[in-house]
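Below is start.pdb, holding PDB, C-alpha atoms, pLDDT in the B column.
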```pdb
MODEL        1
ATOM      1  CA  MET A  25       0.000   0.000   0.000  1.00 53.00           C
ATOM      2  CA  GLU A  26       1.217   3.476  -0.885  1.00 54.00           C
ATOM      3  CA  ASP A  27       1.692   5.954   1.938  1.00 56.00           C
ATOM      4  CA  ALA A  28       0.058   9.419   1.815  1.00 56.00           C
ATOM      5  CA  THR A  29       3.334  11.359   1.710  1.00 53.00           C
ATOM      6  CA  ALA A  30       4.617   9.597  -1.406  1.00 52.00           C
ATOM      7  CA  LYS A  31       2.481  11.768  -3.678  1.00 57.00           C
ATOM      8  CA  SER A  32       3.885  15.053  -2.368  1.00 59.00           C
ATOM      9  CA  ARG A  33       7.456  13.862  -1.955  1.00 60.00           C
ATOM     10  CA  PRO A  34      10.101  15.095  -4.465  1.00 58.00           C
ATOM     11  CA  PRO A  35      11.823  12.527  -6.653  1.00 55.00           C
ATOM     12  CA  ALA A  36      14.349  10.292  -4.994  1.00 56.00           C
ATOM     13  CA  ARG A  37      17.068  10.849  -7.596  1.00 56.00           C
ATOM     14  CA  ARG A  38      17.962  13.736  -9.896  1.00 55.00           C
ATOM     15  CA  SER A  39      17.615  11.476 -12.938  1.00 52.00           C
ATOM     16  CA  ASP A  40      14.022  10.762 -11.907  1.00 50.00           C
ATOM     17  CA  TRP A  41      13.315  14.513 -11.859  1.00 50.00           C
ATOM     18  CA  ARG A  42      14.641  14.978 -15.390  1.00 52.00           C
ATOM     19  CA  SER A  43      12.754  12.056 -16.824  1.00 51.00           C
ATOM     20  CA  GLY A  44       9.525  13.244 -15.278  1.00 51.00           C
ATOM     21  CA  THR A  45       8.988  10.137 -13.196  1.00 51.00           C
ATOM     22  CA  ARG A  46       9.095   9.750  -9.463  1.00 50.00           C
ATOM     23  CA  ALA A  47      11.226   7.030  -7.970  1.00 51.00           C
ATOM     24  CA  GLY A  48      10.664   4.696 -10.888  1.00 50.00           C
ATOM     25  CA  ARG A  49       6.867   4.597 -10.589  1.00 54.00           C
ATOM     26  CA  GLY A  50       6.511   5.469 -14.281  1.00 52.00           C
ATOM     27  CA  ARG A  51       4.195   8.423 -13.689  1.00 52.00           C
ATOM     28  CA  ARG A  52       4.806  11.806 -15.264  1.00 53.00           C
ATOM     29  CA  THR A  53       5.028  14.626 -12.766  1.00 49.00           C
ATOM     30  CA  ARG A  54       4.532  18.302 -13.168  1.00 51.00           C
ATOM     31  CA  HIS A  55       7.805  20.091 -12.847  1.00 48.00           C
ATOM     32  CA  PHE A  56       8.874  23.589 -13.574  1.00 47.00           C
ATOM     33  CA  GLY A  57      12.608  23.050 -13.678  1.00 49.00           C
ATOM     34  CA  GLU A  58      14.722  23.744 -16.726  1.00 50.00           C
ATOM     35  CA  GLY A  59      12.275  22.116 -19.156  1.00 54.00           C
ATOM     36  CA  GLY A  60       9.352  24.223 -17.928  1.00 61.00           C
ATOM     37  CA  ARG A  61      11.345  27.416 -18.215  1.00 62.00           C
ATOM     38  CA  TRP A  62      12.372  26.617 -21.786  1.00 56.00           C
ATOM     39  CA  ARG A  63       8.788  25.805 -22.707  1.00 64.00           C
ATOM     40  CA  ARG A  64       7.691  29.224 -21.458  1.00 62.00           C
ATOM     41  CA  VAL A  65      10.531  30.932 -23.346  1.00 57.00           C
ATOM     42  CA  LEU A  66       9.630  29.082 -26.547  1.00 56.00           C
ATOM     43  CA  LEU A  67       5.944  29.869 -26.094  1.00 57.00           C
ATOM     44  CA  HIS A  68       6.654  33.594 -25.704  1.00 54.00           C
ATOM     45  CA  ALA A  69       9.051  33.563 -28.647  1.00 57.00           C
ATOM     46  CA  GLY A  70       6.444  31.813 -30.801  1.00 58.00           C
ATOM     47  CA  VAL A  71       3.781  34.364 -29.892  1.00 50.00           C
ATOM     48  CA  GLY A  72       6.236  37.169 -30.658  1.00 51.00           C
ATOM     49  CA  ILE A  73       7.035  35.684 -34.053  1.00 53.00           C
ATOM     50  CA  LEU A  74       3.347  35.412 -34.876  1.00 52.00           C
ATOM     51  CA  LEU A  75       2.586  38.978 -33.800  1.00 47.00           C
ATOM     52  CA  ALA A  76       5.688  40.651 -35.267  1.00 44.00           C
ATOM     53  CA  PRO A  77       4.382  40.891 -38.854  1.00 48.00           C
ATOM     54  CA  ALA A  78       1.114  42.418 -37.668  1.00 47.00           C
ATOM     55  CA  LEU A  79       2.934  44.973 -35.557  1.00 42.00           C
ATOM     56  CA  ALA A  80       5.456  45.738 -38.293  1.00 44.00           C
ATOM     57  CA  TRP A  81       2.680  46.108 -40.869  1.00 55.00           C
ATOM     58  CA  ALA A  82       0.878  48.810 -38.926  1.00 76.00           C
ATOM     59  CA  GLY A  83       1.462  51.992 -40.894  1.00 90.00           C
ATOM     60  CA  ASP A  84       1.585  55.618 -39.861  1.00 94.00           C
ATOM     61  CA  PRO A  85      -1.508  57.590 -40.934  1.00 95.00           C
ATOM     62  CA  LYS A  86       0.384  60.906 -40.744  1.00 96.00           C
ATOM     63  CA  ARG A  87       2.865  59.699 -43.352  1.00 97.00           C
ATOM     64  CA  GLY A  88       0.053  58.095 -45.368  1.00 96.00           C
ATOM     65  CA  GLU A  89      -2.080  61.221 -45.756  1.00 96.00           C
ATOM     66  CA  PRO A  90       0.144  63.121 -48.229  1.00 97.00           C
ATOM     67  CA  MET A  91       0.588  59.975 -50.319  1.00 97.00           C
ATOM     68  CA  TYR A  92      -3.160  59.358 -50.309  1.00 95.00           C
ATOM     69  CA  GLN A  93      -3.813  62.960 -51.370  1.00 94.00           C
ATOM     70  CA  ARG A  94      -1.253  62.703 -54.159  1.00 94.00           C
ATOM     71  CA  TYR A  95      -1.994  59.241 -55.584  1.00 93.00           C
ATOM     72  CA  CYS A  96      -5.510  58.297 -54.471  1.00 91.00           C
ATOM     73  CA  SER A  97      -7.702  61.351 -53.953  1.00 88.00           C
ATOM     74  CA  GLY A  98      -8.041  62.033 -57.684  1.00 85.00           C
ATOM     75  CA  CYS A  99     -10.385  59.049 -57.948  1.00 86.00           C
ATOM     76  CA  HIS A 100     -11.348  58.210 -54.363  1.00 88.00           C
ATOM     77  CA  GLY A 101     -11.933  61.791 -53.231  1.00 86.00           C
ATOM     78  CA  VAL A 102     -10.175  63.901 -50.638  1.00 88.00           C
ATOM     79  CA  ASP A 103     -12.277  62.403 -47.839  1.00 89.00           C
ATOM     80  CA  GLY A 104     -12.496  58.845 -49.231  1.00 88.00           C
ATOM     81  CA  ARG A 105     -16.147  59.166 -50.247  1.00 86.00           C
ATOM     82  CA  GLY A 106     -15.415  58.719 -53.935  1.00 82.00           C
ATOM     83  CA  GLY A 107     -16.330  61.139 -56.654  1.00 75.00           C
ATOM     84  CA  GLY A 108     -12.844  62.537 -57.162  1.00 69.00           C
ATOM     85  CA  LYS A 109     -12.907  65.374 -59.664  1.00 69.00           C
ATOM     86  CA  ASN A 110      -9.709  64.563 -61.570  1.00 66.00           C
ATOM     87  CA  PHE A 111     -10.307  61.179 -63.178  1.00 65.00           C
ATOM     88  CA  MET A 112     -13.382  59.099 -62.424  1.00 59.00           C
ATOM     89  CA  PRO A 113     -16.171  60.753 -60.446  1.00 55.00           C
ATOM     90  CA  HIS A 114     -18.101  57.483 -60.176  1.00 70.00           C
ATOM     91  CA  VAL A 115     -15.560  55.641 -57.958  1.00 78.00           C
ATOM     92  CA  GLY A 116     -17.255  54.270 -54.847  1.00 76.00           C
ATOM     93  CA  PRO A 117     -16.411  55.326 -51.298  1.00 83.00           C
ATOM     94  CA  LEU A 118     -13.499  53.805 -49.409  1.00 84.00           C
ATOM     95  CA  ASN A 119     -15.013  54.546 -46.029  1.00 82.00           C
ATOM     96  CA  ARG A 120     -18.479  53.014 -46.315  1.00 82.00           C
ATOM     97  CA  LYS A 121     -19.539  51.444 -42.991  1.00 83.00           C
ATOM     98  CA  GLY A 122     -19.520  47.675 -42.983  1.00 82.00           C
ATOM     99  CA  HIS A 123     -17.153  47.421 -45.937  1.00 81.00           C
ATOM    100  CA  THR A 124     -13.609  48.746 -45.806  1.00 81.00           C
ATOM    101  CA  GLU A 125     -13.054  48.118 -42.111  1.00 82.00           C
ATOM    102  CA  LEU A 126     -13.829  44.439 -42.735  1.00 88.00           C
ATOM    103  CA  LEU A 127     -11.146  44.095 -45.411  1.00 90.00           C
ATOM    104  CA  ASP A 128      -7.821  42.655 -44.327  1.00 91.00           C
ATOM    105  CA  ASP A 129      -4.796  44.958 -44.662  1.00 93.00           C
ATOM    106  CA  ASP A 130      -2.940  42.347 -46.731  1.00 93.00           C
ATOM    107  CA  TYR A 131      -5.823  42.186 -49.205  1.00 93.00           C
ATOM    108  CA  VAL A 132      -6.036  45.972 -49.546  1.00 93.00           C
ATOM    109  CA  ALA A 133      -2.244  46.179 -49.904  1.00 95.00           C
ATOM    110  CA  SER A 134      -2.274  43.611 -52.699  1.00 94.00           C
ATOM    111  CA  ILE A 135      -4.974  45.561 -54.562  1.00 93.00           C
ATOM    112  CA  ILE A 136      -2.865  48.725 -54.267  1.00 94.00           C
ATOM    113  CA  THR A 137       0.281  46.854 -55.270  1.00 95.00           C
ATOM    114  CA  GLU A 138      -1.106  44.849 -58.202  1.00 95.00           C
ATOM    115  CA  GLY A 139      -3.917  47.145 -59.342  1.00 92.00           C
ATOM    116  CA  GLY A 140      -7.650  46.640 -59.709  1.00 89.00           C
ATOM    117  CA  PRO A 141      -7.759  44.221 -62.668  1.00 91.00           C
ATOM    118  CA  ALA A 142      -5.713  41.619 -60.776  1.00 91.00           C
ATOM    119  CA  TYR A 143      -8.573  41.356 -58.255  1.00 89.00           C
ATOM    120  CA  GLY A 144     -11.593  41.881 -60.479  1.00 87.00           C
ATOM    121  CA  LYS A 145     -11.799  45.573 -59.630  1.00 85.00           C
ATOM    122  CA  SER A 146     -11.886  48.519 -62.006  1.00 83.00           C
ATOM    123  CA  GLY A 147      -9.324  48.564 -64.770  1.00 85.00           C
ATOM    124  CA  TYR A 148      -8.752  52.231 -63.949  1.00 85.00           C
ATOM    125  CA  MET A 149      -7.145  51.292 -60.612  1.00 88.00           C
ATOM    126  CA  PRO A 150      -3.426  51.235 -61.480  1.00 91.00           C
ATOM    127  CA  SER A 151      -0.701  49.170 -59.901  1.00 95.00           C
ATOM    128  CA  PHE A 152       1.435  51.190 -57.502  1.00 96.00           C
ATOM    129  CA  LYS A 153       4.109  48.486 -57.283  1.00 94.00           C
ATOM    130  CA  GLY A 154       6.790  50.706 -58.774  1.00 94.00           C
ATOM    131  CA  THR A 155       5.560  53.917 -57.164  1.00 95.00           C
ATOM    132  CA  LEU A 156       4.950  53.097 -53.498  1.00 96.00           C
ATOM    133  CA  SER A 157       7.063  50.915 -51.227  1.00 95.00           C
ATOM    134  CA  PRO A 158       5.366  48.333 -48.963  1.00 95.00           C
ATOM    135  CA  ASP A 159       5.851  50.740 -46.030  1.00 95.00           C
ATOM    136  CA  ASP A 160       4.251  53.569 -48.021  1.00 96.00           C
ATOM    137  CA  ILE A 161       1.290  51.325 -48.836  1.00 96.00           C
ATOM    138  CA  ALA A 162       0.929  50.419 -45.158  1.00 96.00           C
ATOM    139  CA  ASP A 163       0.914  54.133 -44.320  1.00 96.00           C
ATOM    140  CA  VAL A 164      -1.787  54.852 -46.925  1.00 96.00           C
ATOM    141  CA  ILE A 165      -3.933  52.006 -45.580  1.00 94.00           C
ATOM    142  CA  ALA A 166      -3.500  53.329 -42.036  1.00 94.00           C
ATOM    143  CA  TYR A 167      -4.641  56.755 -43.229  1.00 95.00           C
ATOM    144  CA  VAL A 168      -7.689  55.353 -45.059  1.00 93.00           C
ATOM    145  CA  ARG A 169      -8.649  53.550 -41.839  1.00 91.00           C
ATOM    146  CA  THR A 170      -8.760  56.927 -40.039  1.00 91.00           C
ATOM    147  CA  LEU A 171     -11.257  58.460 -42.474  1.00 89.00           C
ATOM    148  CA  SER A 172     -14.696  58.942 -40.942  1.00 77.00           C
ATOM    149  CA  ARG A 173     -17.202  56.209 -41.757  1.00 75.00           C
ATOM    150  CA  TYR A 174     -20.683  56.927 -42.951  1.00 70.00           C
TER     151      TYR A 174
ENDMDL
END
```
What does the file become when written as structure tokens?
Amino acid sequence: MEDATAKSRPPARRSDWRSGTRAGRGRRTRHFGEGGRWRRVLLHAGVGILLAPALAWAGDPKRGEPMYQRYCSGCHGVDGRGGGKNFMPHVGPLNRKGHTELLDDDYVASIITEGGPAYGKSGYMPSFKGTLSPDDIADVIAYVRTLSRY
């Protein structure tokens, strides 16, 4: 019969602690020694790796505004409501509630990069691949996300 203190007693030998068993009983024990610490480090590193692209992708709306005004407002309007006076007054709004805020930044960036025809959008939407860097595009997207929704 097993005594009551055997369950709370530390392993008899150091090798038992490392293998996760107690005194050869073959049961795994919970331990927070070196292995537990490394698991926590790896978990935090993994979360950081997953979040890093999202944090790096976040653009600066203040840098994006002048680029939007220069390259986008001619069609999409100064305030993002469409109807730009320079090229195509019938372009739809960028800031319609329930639409643009639901679009993923990567998707919007690829439309800006590749142009409208690559995604079944208007053929008048040019590719800005050679004009704007990925950081510039992220800044423009950040600015568009600040425009008031209606």
- [ ] Take CA of Ser151 (chain A) and CA of Ser134 (chain A) and report the distance between them in Å, one decimal.
- [x] 9.2 Å
Task: Expansion of the PyMOL selection byres ((chain A and resi 168) around 9) into residues, as a PyMOL selection string - done: chain A and resi 85+88-89+92+103-104+118-119+124+163-167+169-172
Task: Contact residues around Cys96 (chain A) with all atoms listed in the file at 10 Å, ignoring same-chain residues under 5 positions, as a PyMOL selection string - done: chain A and resi 89-91+101-102+104+106+108+136+149+164
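Applied to the file shown here, the PyMOL selection byres ((chain A and resi 148) around 12) selects the residues Cys96, Gly98, Cys99, His100, Phe111, Met112, Pro113, His114, Val115, Ile136, Gly139, Gly140, Pro141, Ala142, Gly144, Lys145, Ser146, Gly147, Met149, Pro150 and Ser151 of chain A.
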Generate N, CA and C atoms for region 104-140 of chain A and emit them as a PDB file, in the frame of the given file.
```pdb
ATOM      1  N   GLY A 104     -12.266  60.276 -49.065  1.00 88.00           N
ATOM      2  CA  GLY A 104     -12.496  58.845 -49.231  1.00 88.00           C
ATOM      3  C   GLY A 104     -13.902  58.464 -49.635  1.00 88.00           C
ATOM      4  N   ARG A 105     -14.756  59.457 -49.896  1.00 86.00           N
ATOM      5  CA  ARG A 105     -16.147  59.166 -50.247  1.00 86.00           C
ATOM      6  C   ARG A 105     -16.352  58.927 -51.733  1.00 86.00           C
ATOM      7  N   GLY A 106     -15.293  58.919 -52.497  1.00 82.00           N
ATOM      8  CA  GLY A 106     -15.415  58.719 -53.935  1.00 82.00           C
ATOM      9  C   GLY A 106     -15.722  60.029 -54.624  1.00 82.00           C
ATOM     10  N   GLY A 107     -15.959  59.940 -55.917  1.00 75.00           N
ATOM     11  CA  GLY A 107     -16.330  61.139 -56.654  1.00 75.00           C
ATOM     12  C   GLY A 107     -15.200  62.125 -56.838  1.00 75.00           C
ATOM     13  N   GLY A 108     -13.963  61.638 -56.919  1.00 69.00           N
ATOM     14  CA  GLY A 108     -12.844  62.537 -57.162  1.00 69.00           C
ATOM     15  C   GLY A 108     -13.047  63.290 -58.471  1.00 69.00           C
ATOM     16  N   LYS A 109     -12.643  64.513 -58.511  1.00 69.00           N
ATOM     17  CA  LYS A 109     -12.907  65.374 -59.664  1.00 69.00           C
ATOM     18  C   LYS A 109     -11.911  65.189 -60.816  1.00 69.00           C
ATOM     19  N   ASN A 110     -10.749  64.609 -60.549  1.00 66.00           N
ATOM     20  CA  ASN A 110      -9.709  64.563 -61.570  1.00 66.00           C
ATOM     21  C   ASN A 110      -9.905  63.476 -62.623  1.00 66.00           C
ATOM     22  N   PHE A 111     -10.304  62.279 -62.222  1.00 65.00           N
ATOM     23  CA  PHE A 111     -10.307  61.179 -63.178  1.00 65.00           C
ATOM     24  C   PHE A 111     -11.674  60.536 -63.345  1.00 65.00           C
ATOM     25  N   MET A 112     -12.132  59.849 -62.320  1.00 59.00           N
ATOM     26  CA  MET A 112     -13.382  59.099 -62.424  1.00 59.00           C
ATOM     27  C   MET A 112     -14.330  59.484 -61.297  1.00 59.00           C
ATOM     28  N   PRO A 113     -15.285  60.333 -61.531  1.00 55.00           N
ATOM     29  CA  PRO A 113     -16.171  60.753 -60.446  1.00 55.00           C
ATOM     30  C   PRO A 113     -17.099  59.651 -59.943  1.00 55.00           C
ATOM     31  N   HIS A 114     -17.180  58.515 -60.627  1.00 70.00           N
ATOM     32  CA  HIS A 114     -18.101  57.483 -60.176  1.00 70.00           C
ATOM     33  C   HIS A 114     -17.434  56.386 -59.333  1.00 70.00           C
ATOM     34  N   VAL A 115     -16.223  56.606 -58.829  1.00 78.00           N
ATOM     35  CA  VAL A 115     -15.560  55.641 -57.958  1.00 78.00           C
ATOM     36  C   VAL A 115     -16.295  55.621 -56.623  1.00 78.00           C
ATOM     37  N   GLY A 116     -16.530  54.421 -56.110  1.00 76.00           N
ATOM     38  CA  GLY A 116     -17.255  54.270 -54.847  1.00 76.00           C
ATOM     39  C   GLY A 116     -16.428  54.706 -53.644  1.00 76.00           C
ATOM     40  N   PRO A 117     -17.093  54.873 -52.510  1.00 83.00           N
ATOM     41  CA  PRO A 117     -16.411  55.326 -51.298  1.00 83.00           C
ATOM     42  C   PRO A 117     -15.503  54.254 -50.699  1.00 83.00           C
ATOM     43  N   LEU A 118     -14.409  54.705 -50.122  1.00 84.00           N
ATOM     44  CA  LEU A 118     -13.499  53.805 -49.409  1.00 84.00           C
ATOM     45  C   LEU A 118     -13.920  53.629 -47.956  1.00 84.00           C
ATOM     46  N   ASN A 119     -14.716  54.543 -47.459  1.00 82.00           N
ATOM     47  CA  ASN A 119     -15.013  54.546 -46.029  1.00 82.00           C
ATOM     48  C   ASN A 119     -16.487  54.250 -45.728  1.00 82.00           C
ATOM     49  N   ARG A 120     -17.095  53.429 -46.549  1.00 82.00           N
ATOM     50  CA  ARG A 120     -18.479  53.014 -46.315  1.00 82.00           C
ATOM     51  C   ARG A 120     -18.524  52.060 -45.122  1.00 82.00           C
ATOM     52  N   LYS A 121     -19.418  52.303 -44.173  1.00 83.00           N
ATOM     53  CA  LYS A 121     -19.539  51.444 -42.991  1.00 83.00           C
ATOM     54  C   LYS A 121     -19.860  50.019 -43.408  1.00 83.00           C
ATOM     55  N   GLY A 122     -19.258  49.079 -42.713  1.00 82.00           N
ATOM     56  CA  GLY A 122     -19.520  47.675 -42.983  1.00 82.00           C
ATOM     57  C   GLY A 122     -18.812  47.152 -44.221  1.00 82.00           C
ATOM     58  N   HIS A 123     -17.871  47.905 -44.753  1.00 81.00           N
ATOM     59  CA  HIS A 123     -17.153  47.421 -45.937  1.00 81.00           C
ATOM     60  C   HIS A 123     -15.639  47.466 -45.730  1.00 81.00           C
ATOM     61  N   THR A 124     -15.062  48.634 -45.818  1.00 81.00           N
ATOM     62  CA  THR A 124     -13.609  48.746 -45.806  1.00 81.00           C
ATOM     63  C   THR A 124     -12.997  48.265 -44.496  1.00 81.00           C
ATOM     64  N   GLU A 125     -13.646  48.544 -43.383  1.00 82.00           N
ATOM     65  CA  GLU A 125     -13.054  48.118 -42.111  1.00 82.00           C
ATOM     66  C   GLU A 125     -13.045  46.602 -41.962  1.00 82.00           C
ATOM     67  N   LEU A 126     -13.814  45.902 -42.780  1.00 88.00           N
ATOM     68  CA  LEU A 126     -13.829  44.439 -42.735  1.00 88.00           C
ATOM     69  C   LEU A 126     -12.761  43.815 -43.639  1.00 88.00           C
ATOM     70  N   LEU A 127     -12.165  44.610 -44.501  1.00 90.00           N
ATOM     71  CA  LEU A 127     -11.146  44.095 -45.411  1.00 90.00           C
ATOM     72  C   LEU A 127      -9.799  43.997 -44.701  1.00 90.00           C
ATOM     73  N   ASP A 128      -9.132  42.905 -44.914  1.00 91.00           N
ATOM     74  CA  ASP A 128      -7.821  42.655 -44.327  1.00 91.00           C
ATOM     75  C   ASP A 128      -6.776  43.590 -44.953  1.00 91.00           C
ATOM     76  N   ASP A 129      -5.840  44.066 -44.159  1.00 93.00           N
ATOM     77  CA  ASP A 129      -4.796  44.958 -44.662  1.00 93.00           C
ATOM     78  C   ASP A 129      -3.993  44.316 -45.791  1.00 93.00           C
ATOM     79  N   ASP A 130      -3.708  43.026 -45.680  1.00 93.00           N
ATOM     80  CA  ASP A 130      -2.940  42.347 -46.731  1.00 93.00           C
ATOM     81  C   ASP A 130      -3.694  42.368 -48.057  1.00 93.00           C
ATOM     82  N   TYR A 131      -5.003  42.178 -47.984  1.00 93.00           N
ATOM     83  CA  TYR A 131      -5.823  42.186 -49.205  1.00 93.00           C
ATOM     84  C   TYR A 131      -5.825  43.581 -49.845  1.00 93.00           C
ATOM     85  N   VAL A 132      -6.026  44.600 -49.038  1.00 93.00           N
ATOM     86  CA  VAL A 132      -6.036  45.972 -49.546  1.00 93.00           C
ATOM     87  C   VAL A 132      -4.660  46.320 -50.117  1.00 93.00           C
ATOM     88  N   ALA A 133      -3.604  45.904 -49.426  1.00 95.00           N
ATOM     89  CA  ALA A 133      -2.244  46.179 -49.904  1.00 95.00           C
ATOM     90  C   ALA A 133      -1.995  45.500 -51.245  1.00 95.00           C
ATOM     91  N   SER A 134      -2.498  44.297 -51.426  1.00 94.00           N
ATOM     92  CA  SER A 134      -2.274  43.611 -52.699  1.00 94.00           C
ATOM     93  C   SER A 134      -3.061  44.273 -53.825  1.00 94.00           C
ATOM     94  N   ILE A 135      -4.236  44.825 -53.535  1.00 93.00           N
ATOM     95  CA  ILE A 135      -4.974  45.561 -54.562  1.00 93.00           C
ATOM     96  C   ILE A 135      -4.189  46.815 -54.964  1.00 93.00           C
ATOM     97  N   ILE A 136      -3.654  47.523 -53.971  1.00 94.00           N
ATOM     98  CA  ILE A 136      -2.865  48.725 -54.267  1.00 94.00           C
ATOM     99  C   ILE A 136      -1.599  48.342 -55.033  1.00 94.00           C
ATOM    100  N   THR A 137      -0.969  47.273 -54.638  1.00 95.00           N
ATOM    101  CA  THR A 137       0.281  46.854 -55.270  1.00 95.00           C
ATOM    102  C   THR A 137       0.071  46.371 -56.700  1.00 95.00           C
ATOM    103  N   GLU A 138      -0.908  45.492 -56.900  1.00 95.00           N
ATOM    104  CA  GLU A 138      -1.106  44.849 -58.202  1.00 95.00           C
ATOM    105  C   GLU A 138      -2.085  45.589 -59.114  1.00 95.00           C
ATOM    106  N   GLY A 139      -2.928  46.431 -58.540  1.00 92.00           N
ATOM    107  CA  GLY A 139      -3.917  47.145 -59.342  1.00 92.00           C
ATOM    108  C   GLY A 139      -5.260  46.439 -59.331  1.00 92.00           C
ATOM    109  N   GLY A 140      -6.283  47.157 -59.745  1.00 89.00           N
ATOM    110  CA  GLY A 140      -7.650  46.640 -59.709  1.00 89.00           C
ATOM    111  C   GLY A 140      -7.912  45.408 -60.557  1.00 89.00           C
TER     112      GLY A 140
END
```
